[in-house]
Every structure is written in C-alpha cells, then in structure tokens.
file input.txt (compact mmCIF, C-alpha atoms)
# COMPACT_ATOMS: atom_id res chain seq x y z
CA MET A 1 14.27 31.69 28.06
CA SER A 2 17.55 29.93 28.83
CA ALA A 3 16.69 26.92 31.03
CA LEU A 4 16.19 23.60 29.29
CA ALA A 5 12.62 22.64 28.47
CA LEU A 6 13.74 19.08 27.70
CA ARG A 7 16.81 16.99 28.37
CA TYR A 8 16.90 13.37 27.24
CA ASP A 9 19.67 10.77 27.34
CA LEU A 10 19.52 7.23 25.99
CA LYS A 11 22.14 4.52 26.39
CA ARG A 12 21.76 1.22 24.54
CA ASP A 13 24.09 -1.74 24.06
CA GLY A 14 25.64 -1.71 20.61
CA HIS A 15 24.54 1.84 19.81
CA ALA A 16 26.06 5.26 20.25
CA PRO A 17 24.42 7.19 23.08
CA VAL A 18 21.72 9.71 22.24
CA SER A 19 21.71 13.03 24.05
CA VAL A 20 19.13 15.78 23.47
CA ALA A 21 18.97 19.21 25.07
CA VAL A 22 16.29 21.69 24.03
CA PRO A 23 16.39 25.22 25.48
CA GLY A 24 13.15 26.77 26.62
CA GLY A 25 11.59 28.96 23.95
CA ALA A 26 13.55 27.38 21.10
CA THR A 27 12.45 25.76 17.87
CA GLN A 28 14.65 22.72 17.27
CA ARG A 29 14.77 20.03 14.59
CA LEU A 30 16.10 16.73 15.84
CA ARG A 31 17.22 13.92 13.55
CA LEU A 32 17.56 10.65 15.43
CA PRO A 33 19.68 7.75 14.16
CA ASP A 34 17.07 4.98 14.15
CA THR A 35 13.42 4.16 14.73
CA ASP A 36 14.04 2.70 18.19
CA ALA A 37 15.64 5.92 19.48
CA ARG A 38 12.85 7.98 17.99
CA THR A 39 10.09 5.78 19.40
CA ARG A 40 11.65 5.77 22.85
CA LEU A 41 12.12 9.55 22.98
CA VAL A 42 8.58 10.28 21.84
CA GLY A 43 7.18 7.62 24.17
CA ALA A 44 9.12 8.95 27.17
CA VAL A 45 7.86 12.49 26.61
CA LEU A 46 4.31 11.34 25.92
CA SER A 47 4.13 9.19 29.05
CA THR A 48 6.44 11.34 31.22
CA ARG A 49 8.23 8.12 32.20
CA CYS A 50 11.75 6.75 31.74
CA GLY A 51 12.49 3.28 30.44
CA PRO A 52 15.73 1.27 30.83
CA GLY A 53 18.78 3.30 29.81
CA GLU A 54 16.80 6.54 29.65
CA GLU A 55 16.93 9.79 31.58
CA LEU A 56 14.36 12.51 30.95
CA GLU A 57 14.00 15.96 32.43
CA LEU A 58 11.12 18.27 31.57
CA PHE A 59 11.32 21.93 32.56
CA GLY A 60 14.21 21.07 34.87
CA GLU A 61 12.40 18.23 36.66
CA SER A 62 13.49 14.60 36.38
CA VAL A 63 10.64 12.21 35.63
CA ARG A 64 12.47 9.19 37.02
CA GLY A 65 10.61 8.13 40.12
CA ALA A 66 8.12 10.99 39.73
CA LYS A 67 4.82 10.53 41.50
CA ARG A 68 1.52 10.51 39.64
CA LEU A 69 0.70 14.09 40.60
CA GLN A 70 4.04 15.40 39.34
CA ARG A 71 3.76 13.47 36.08
CA GLY A 72 0.23 14.77 35.57
CA ARG A 73 1.34 18.34 36.16
CA LEU A 74 4.17 17.96 33.64
CA HIS A 75 1.90 16.24 31.12
CA GLU A 76 -0.48 19.21 31.16
CA ARG A 77 2.34 21.40 29.85
CA ILE A 78 3.19 19.10 26.93
CA GLY A 79 1.55 18.59 23.54
CA VAL A 80 2.60 15.74 21.25
CA LEU A 81 1.68 15.08 17.62
CA THR A 82 2.57 11.52 16.65
CA GLN A 83 1.03 8.72 14.63
CA ALA A 84 1.02 6.67 17.82
CA MET A 85 -1.83 8.92 19.00
CA GLY A 86 -4.47 8.29 16.36
CA LEU A 87 -7.88 9.88 16.01
CA ILE A 88 -11.06 8.26 17.32
CA SER A 89 -12.81 7.07 14.18
CA ASN A 90 -16.42 7.59 15.30
CA LEU A 91 -15.82 11.17 16.53
CA ASN A 92 -15.77 14.12 14.17
CA ALA A 93 -12.85 16.54 13.92
CA TRP A 94 -14.20 18.92 16.56
CA GLU A 95 -14.81 16.12 19.05
CA ASN A 96 -11.31 14.71 18.50
CA ILE A 97 -9.81 18.17 19.00
CA SER A 98 -11.70 19.12 22.13
CA LEU A 99 -12.17 15.82 23.96
CA GLU A 100 -8.91 15.63 25.91
CA ALA A 101 -8.73 19.29 26.92
CA ALA A 102 -12.42 19.41 27.81
CA TYR A 103 -12.23 16.16 29.82
CA HIS A 104 -9.24 17.32 31.83
CA ARG A 105 -10.60 20.88 31.93
CA THR A 106 -7.25 22.30 30.91
CA GLN A 107 -8.92 24.93 28.69
CA PRO A 108 -12.51 26.23 28.37
CA VAL A 109 -14.37 24.71 25.42
CA ALA A 110 -15.15 28.17 23.99
CA ARG A 111 -11.44 28.97 23.97
CA ILE A 112 -10.63 25.68 22.21
CA ALA A 113 -13.28 26.44 19.59
CA ARG A 114 -11.83 29.89 18.98
CA THR A 115 -8.30 28.48 18.65
CA ALA A 116 -9.43 25.79 16.20
CA ARG A 117 -11.46 28.22 14.12
CA ASP A 118 -8.72 30.84 13.94
CA ALA A 119 -6.03 28.29 13.05
CA LEU A 120 -8.15 26.68 10.34
CA GLU A 121 -8.96 30.05 8.78
CA SER A 122 -5.27 30.97 8.87
CA LEU A 123 -4.46 27.70 7.10
CA GLY A 124 -7.11 28.31 4.43
CA THR A 125 -9.63 25.70 5.62
CA ASP A 126 -13.34 26.31 6.20
CA PRO A 127 -13.90 25.59 9.93
CA GLN A 128 -17.59 24.76 9.78
CA ARG A 129 -17.26 22.10 7.11
CA PHE A 130 -13.97 20.69 8.34
CA LEU A 131 -14.88 20.30 12.01
CA ALA A 132 -17.96 18.21 11.17
CA ARG A 133 -16.02 15.57 9.22
CA LEU A 134 -15.06 12.10 10.44
CA PRO A 135 -11.46 10.82 10.20
CA ASP A 136 -12.39 8.30 7.49
CA GLU A 137 -13.50 11.22 5.31
CA MET A 138 -10.11 12.94 5.56
CA ASP A 139 -6.84 12.66 3.66
CA PRO A 140 -3.52 12.17 5.53
CA PHE A 141 -2.87 15.92 5.82
CA GLU A 142 -6.34 16.60 7.21
CA ARG A 143 -5.95 13.90 9.85
CA LYS A 144 -2.58 15.39 10.81
CA LEU A 145 -4.24 18.82 10.96
CA VAL A 146 -6.82 17.52 13.45
CA ALA A 147 -4.01 16.11 15.60
CA PHE A 148 -2.19 19.45 15.43
CA LEU A 149 -5.30 21.36 16.48
CA ARG A 150 -5.71 18.91 19.35
CA LEU A 151 -2.16 19.82 20.38
CA LEU A 152 -2.89 23.56 20.11
CA ALA A 153 -5.98 23.14 22.29
CA LYS A 154 -3.73 22.28 25.24
CA GLU A 155 -1.71 25.50 24.79
CA PRO A 156 1.42 23.51 25.60
CA ALA A 157 4.64 25.08 26.80
CA LEU A 158 6.46 22.25 25.01
CA ALA A 159 5.20 20.89 21.68
CA LEU A 160 6.78 17.79 20.15
CA ILE A 161 5.89 17.03 16.53
CA ASP A 162 6.94 13.57 15.37
CA GLY A 163 7.38 12.90 11.66
CA LEU A 164 5.66 16.04 10.39
CA GLY A 165 6.01 15.25 6.69
CA GLU A 166 5.54 11.49 6.86
CA GLY A 167 2.74 10.14 4.67
CA LEU A 168 2.24 13.51 2.94
CA ASN A 169 2.83 14.53 -0.64
CA ARG A 170 4.85 17.63 -1.47
CA GLU A 171 1.87 20.00 -1.45
CA GLN A 172 0.55 18.60 1.83
CA ALA A 173 4.00 18.77 3.43
CA ALA A 174 4.24 22.44 2.47
CA ARG A 175 0.92 23.10 4.19
CA ALA A 176 2.03 21.15 7.27
CA ALA A 177 5.18 23.27 7.46
CA ARG A 178 2.91 26.18 8.41
CA PHE A 179 2.13 24.46 11.72
CA GLU A 180 5.29 26.01 13.16
CA ALA A 181 4.03 29.56 12.62
CA GLU A 182 0.59 28.67 14.01
CA TYR A 183 2.11 27.30 17.20
CA ARG A 184 4.54 30.19 17.55
CA THR A 185 1.77 32.78 17.07
CA ARG A 186 -0.12 31.32 20.03
CA GLN A 187 2.85 30.33 22.20
CA PRO A 188 5.59 32.88 21.50
CA GLU A 189 7.62 31.71 24.51
CA GLY A 190 6.87 28.02 23.98
CA THR A 191 9.31 25.32 22.92
CA LEU A 192 8.84 23.45 19.65
CA LEU A 193 10.66 20.21 18.87
CA PHE A 194 10.41 18.44 15.51
CA VAL A 195 11.56 14.82 15.55
CA ASP A 196 12.50 12.78 12.47
CA LEU A 197 14.84 10.01 11.42
CA ALA A 198 18.24 11.14 10.17
CA GLU A 199 17.64 9.86 6.64
CA GLU A 200 14.13 11.34 6.54
CA GLY A 201 14.75 14.58 8.41
CA LEU A 202 13.41 17.96 7.47
CA PRO A 203 15.60 20.01 5.12
call {"tool": "encode", "arguments": {"input": "input.txt", "output": "structure tokens"}}
result
Amino acid sequence: MSALALRYDLKRDGHAPVSVAVPGGATQRLRLPDTDARTRLVGAVLSTRCGPGEELELFGESVRGAKRLQRGRLHERIGVLTQAMGLISNLNAWENISLEAAYHRTQPVARIARTARDALESLGTDPQRFLARLPDEMDPFERKLVAFLRLLAKEPALALIDGLGEGLNREQAARAARFEAEYRTRQPEGTLLFVDLAEEGLP
C-alpha cells in the first residue's frame, strides 16, 4: 500500500511544528517531543476530530468538518491502545474485550472469542483463566494485554499503540513487544503506529 493511512499536522505557539505521515501498510515508531503533542495526536485519532492548530487525515479523508456518519465510519477502521482508555473495573477481561465490538456489531462475538483465544495462546497465556479475571486482579502487563485484545477485536486497518512499554518492567515490556507480531499476523496489510515521547521512545 502506498497511500497515507494517517497524516497529522500540529502548529503551536512557541513550539516547532509537528508533522506525521504514516503510509498504509507500514509499521512506524513515532517519538513526539512533549506530552502535549502526544496527547493531542492520540486524542485526535481516537475522537476523529481536529482541535485548534491541528489537521488530521485518515485514509486520505480530512476529519475537519466531517459529519457524524463519516467520523463513525472512520472510527470503525481504527483501534487505539492508550492509558486514556481504561478498563471497566467491574467487567472481567472477556467482557472488556468484547463489549465495544459486540455493541457496535463490528465483529461477530464468536469471531472475537476466537481472536482472543488464539492471541492469548500465542502469547503463552491460558485463555480460560485469564478471560475470567477482573482488572483489579491483573498486573500492569495483563491490563495492557486486555486493552490490546480489545483493539484486535475491531480488526482495525490502523492500530495506534500509545506508550507500549510505560509502567512495565523489562520482562513485561519484552512480552508486550510481541503485540506487533500478533497484530501483523491478523492484519498483514494493516498500519501500525507506536507513539512515545522522544526521551522514552522505543529502542
């Protein structure tokens, strides 16, 4: 794929402009200069809306002035993993994973279950025991794993993963690094964007 899956520009007083271009089908690691730029990029993609000084195009379509139907259609093609989207504490892992996709009917529940089970087995985790657990019973990696499986359930053409290694120890970060292969196995033509701060970026 050669067309851009994402183009983002940010202009702020007193800061150098930020410009991001991600080709369709690519895996790209983006290191942003500060927390504000990172928060605004992730928020713009997550909401499919532009704030002041921002321009965002997804799959060649500008979101500025986009109507609700267009934004909804674009949102269905996007999966985002970020701490800003926490888990629902009184729902178990399976319910957190399947709720959004099942509610919006983007994927059949049986297909979501198969995706979650296969990914967990590939990552060396027992699906039956893991999917029954509540967020409060999980460590930081396990909570991030639930959020990643929730992303996979959407089968997104564009996946944005914000701060993959944040809050994880070295062993957990190594396990989280395998998320890339899990996404790519299921979406070989998809676009994968990792977002971090410059001083905390992935090696």
call {"tool": "atom_distance", "arguments": {"input": "input.txt", "atom1": "CA of Ser89 in chain A", "atom2": "CA of Lys154 in chain A"}}
result
20.9 Å
call {"tool": "residues_around", "arguments": {"input": "input.txt", "residues": "Val80 in chain A", "least_positions_apart": "5", "cutoff": "6 Å", "atoms": "all atoms listed in the file", "output": "PyMOL selection string"}}
result
chain A and resi 159-161
call {"tool": "closest_residue", "arguments": {"input": "input.txt", "among": "A:Leu10, A:Leu56, A:Leu120, A:Ala21", "to": "Arg38 in chain A", "atoms": "all atoms listed in the file"}}
result
A:Leu10
call {"tool": "closest_atom_pairs", "arguments": {"input": "input.txt", "of": "range 76-108 of chain A", "to": "range 140-153 of chain A", "cutoff": "7 Å", "atoms": "only C-alpha atoms", "output": "JSON lines"}}
result
{"residue": "A:Gly79", "atom": "CA", "partner": "A:Leu151", "partner_atom": "CA", "distance": 5.0}
{"residue": "A:Val80", "atom": "CA", "partner": "A:Leu151", "partner_atom": "CA", "distance": 6.3}
{"residue": "A:Leu81", "atom": "CA", "partner": "A:Ala147", "partner_atom": "CA", "distance": 6.1}
{"residue": "A:Ala93", "atom": "CA", "partner": "A:Val146", "partner_atom": "CA", "distance": 6.1}
{"residue": "A:Ile97", "atom": "CA", "partner": "A:Arg150", "partner_atom": "CA", "distance": 4.2}
{"residue": "A:Ser98", "atom": "CA", "partner": "A:Arg150", "partner_atom": "CA", "distance": 6.6}
{"residue": "A:Ala101", "atom": "CA", "partner": "A:Ala153", "partner_atom": "CA", "distance": 6.6}
call {"tool": "atom_distance", "arguments": {"input": "input.txt", "atom1": "CA of Leu30 in chain A", "atom2": "CA of Gly165 in chain A"}}
result
13.7 Å
call {"tool": "atom_distance", "arguments": {"input": "input.txt", "atom1": "CA of Leu41 in chain A", "atom2": "CA of Thr185 in chain A"}}
result
26.1 Å
call {"tool": "residues_around", "arguments": {"input": "input.txt", "residues": "Gly72 in chain A", "least_positions_apart": "5", "cutoff": "10 Å", "atoms": "only C-alpha atoms", "output": "PyMOL selection string"}}
result
chain A and resi 47-48+66-67+77
call {"tool": "closest_residue", "arguments": {"input": "input.txt", "among": "A:Ala132, A:Leu4, A:Leu69, A:Thr82", "to": "Ala26 in chain A", "atoms": "all atoms listed in the file"}}
result
A:Leu4
call {"tool": "residues_around", "arguments": {"input": "input.txt", "residues": "range 23-25 of chain A", "least_positions_apart": "5", "cutoff": "10 Å", "atoms": "only C-alpha atoms", "output": "PyMOL selection string"}}
result
chain A and resi 1-7+59+157-158+184+187-192
call {"tool": "closest_residue", "arguments": {"input": "input.txt", "among": "A:Leu58, A:Met138, A:Ala174, A:Leu164", "to": "Val22 in chain A", "atoms": "all atoms listed in the file"}}
result
A:Leu58
call {"tool": "closest_residue", "arguments": {"input": "input.txt", "among": "A:Gln107, A:Asn90, A:Thr35, A:Ser19", "to": "Pro156 in chain A", "atoms": "all atoms listed in the file"}}
result
A:Gln107
call {"tool": "closest_residue", "arguments": {"input": "input.txt", "among": "A:Arg186, A:Arg178, A:Ala44, A:Asp136", "to": "Ile88 in chain A", "atoms": "all atoms listed in the file"}}
result
A:Asp136
call {"tool": "closest_residue", "arguments": {"input": "input.txt", "among": "A:Glu95, A:Gly163, A:Pro17, A:Glu100", "to": "Leu193 in chain A", "atoms": "only C-alpha atoms"}}
result
A:Gly163
call {"tool": "build_atoms", "arguments": {"input": "input.txt", "residues": "range 118-138 of chain A", "atoms": "N, CA, C and O atoms", "output": "mmCIF file, in the coordinates of the input"}}
result
data_model
loop_
_atom_site.group_PDB
_atom_site.id
_atom_site.type_symbol
_atom_site.label_atom_id
_atom_site.label_comp_id
_atom_site.auth_asym_id
_atom_site.auth_seq_id
_atom_site.Cartn_x
_atom_site.Cartn_y
_atom_site.Cartn_z
ATOM 1 N N ASP A 118 -9.708 29.867 14.414
ATOM 2 C CA ASP A 118 -8.720 30.840 13.940
ATOM 3 C C ASP A 118 -7.586 30.152 13.185
ATOM 4 O O ASP A 118 -7.122 30.654 12.149
ATOM 5 N N ALA A 119 -7.120 29.005 13.709
ATOM 6 C CA ALA A 119 -6.030 28.290 13.050
ATOM 7 C C ALA A 119 -6.463 27.752 11.693
ATOM 8 O O ALA A 119 -5.720 27.839 10.709
ATOM 9 N N LEU A 120 -7.665 27.201 11.617
ATOM 10 C CA LEU A 120 -8.150 26.680 10.340
ATOM 11 C C LEU A 120 -8.289 27.790 9.309
ATOM 12 O O LEU A 120 -7.908 27.626 8.138
ATOM 13 N N GLU A 121 -8.830 28.928 9.714
ATOM 14 C CA GLU A 121 -8.960 30.050 8.780
ATOM 15 C C GLU A 121 -7.590 30.525 8.311
ATOM 16 O O GLU A 121 -7.394 30.835 7.128
ATOM 17 N N SER A 122 -6.623 30.562 9.223
ATOM 18 C CA SER A 122 -5.270 30.970 8.870
ATOM 19 C C SER A 122 -4.641 30.010 7.865
ATOM 20 O O SER A 122 -3.867 30.422 6.991
ATOM 21 N N LEU A 123 -5.004 28.729 7.985
ATOM 22 C CA LEU A 123 -4.460 27.700 7.100
ATOM 23 C C LEU A 123 -5.306 27.504 5.839
ATOM 24 O O LEU A 123 -5.074 26.575 5.069
ATOM 25 N N GLY A 124 -6.316 28.349 5.643
ATOM 26 C CA GLY A 124 -7.110 28.310 4.430
ATOM 27 C C GLY A 124 -8.141 27.202 4.380
ATOM 28 O O GLY A 124 -8.511 26.743 3.288
ATOM 29 N N THR A 125 -8.646 26.780 5.547
ATOM 30 C CA THR A 125 -9.630 25.700 5.620
ATOM 31 C C THR A 125 -10.907 26.226 6.260
ATOM 32 O O THR A 125 -10.858 26.950 7.259
ATOM 33 N N ASP A 126 -12.051 25.864 5.681
ATOM 34 C CA ASP A 126 -13.340 26.310 6.200
ATOM 35 C C ASP A 126 -13.659 25.578 7.499
ATOM 36 O O ASP A 126 -13.858 24.356 7.481
ATOM 37 N N PRO A 127 -13.706 26.267 8.646
ATOM 38 C CA PRO A 127 -13.900 25.590 9.930
ATOM 39 C C PRO A 127 -15.213 24.816 10.026
ATOM 40 O O PRO A 127 -15.225 23.679 10.524
ATOM 41 N N GLN A 128 -16.292 25.392 9.591
ATOM 42 C CA GLN A 128 -17.590 24.760 9.780
ATOM 43 C C GLN A 128 -17.664 23.407 9.077
ATOM 44 O O GLN A 128 -18.131 22.418 9.655
ATOM 45 N N ARG A 129 -17.210 23.357 7.857
ATOM 46 C CA ARG A 129 -17.260 22.100 7.110
ATOM 47 C C ARG A 129 -16.234 21.109 7.628
ATOM 48 O O ARG A 129 -16.522 19.909 7.762
ATOM 49 N N PHE A 130 -15.046 21.592 7.937
ATOM 50 C CA PHE A 130 -13.970 20.690 8.340
ATOM 51 C C PHE A 130 -14.257 20.036 9.694
ATOM 52 O O PHE A 130 -14.050 18.828 9.864
ATOM 53 N N LEU A 131 -14.718 20.812 10.657
ATOM 54 C CA LEU A 131 -14.880 20.300 12.010
ATOM 55 C C LEU A 131 -15.974 19.251 12.127
ATOM 56 O O LEU A 131 -16.010 18.494 13.101
ATOM 57 N N ALA A 132 -16.866 19.182 11.146
ATOM 58 C CA ALA A 132 -17.960 18.210 11.170
ATOM 59 C C ALA A 132 -17.570 16.870 10.547
ATOM 60 O O ALA A 132 -18.336 15.906 10.629
ATOM 61 N N ARG A 133 -16.390 16.776 9.958
ATOM 62 C CA ARG A 133 -16.020 15.570 9.220
ATOM 63 C C ARG A 133 -15.433 14.503 10.131
ATOM 64 O O ARG A 133 -14.801 14.803 11.156
ATOM 65 N N LEU A 134 -15.620 13.244 9.734
ATOM 66 C CA LEU A 134 -15.060 12.100 10.440
ATOM 67 C C LEU A 134 -13.672 11.773 9.883
ATOM 68 O O LEU A 134 -13.371 12.075 8.720
ATOM 69 N N PRO A 135 -12.815 11.144 10.684
ATOM 70 C CA PRO A 135 -11.460 10.820 10.200
ATOM 71 C C PRO A 135 -11.442 10.023 8.900
ATOM 72 O O PRO A 135 -10.562 10.241 8.052
ATOM 73 N N ASP A 136 -12.377 9.107 8.704
ATOM 74 C CA ASP A 136 -12.390 8.300 7.490
ATOM 75 C C ASP A 136 -12.695 9.120 6.240
ATOM 76 O O ASP A 136 -12.472 8.648 5.113
ATOM 77 N N GLU A 137 -13.193 10.331 6.427
ATOM 78 C CA GLU A 137 -13.500 11.220 5.310
ATOM 79 C C GLU A 137 -12.341 12.162 4.983
ATOM 80 O O GLU A 137 -12.459 13.013 4.099
ATOM 81 N N MET A 138 -11.227 12.006 5.679
ATOM 82 C CA MET A 138 -10.110 12.940 5.560
ATOM 83 C C MET A 138 -8.926 12.291 4.853
ATOM 84 O O MET A 138 -8.725 11.079 4.917
#
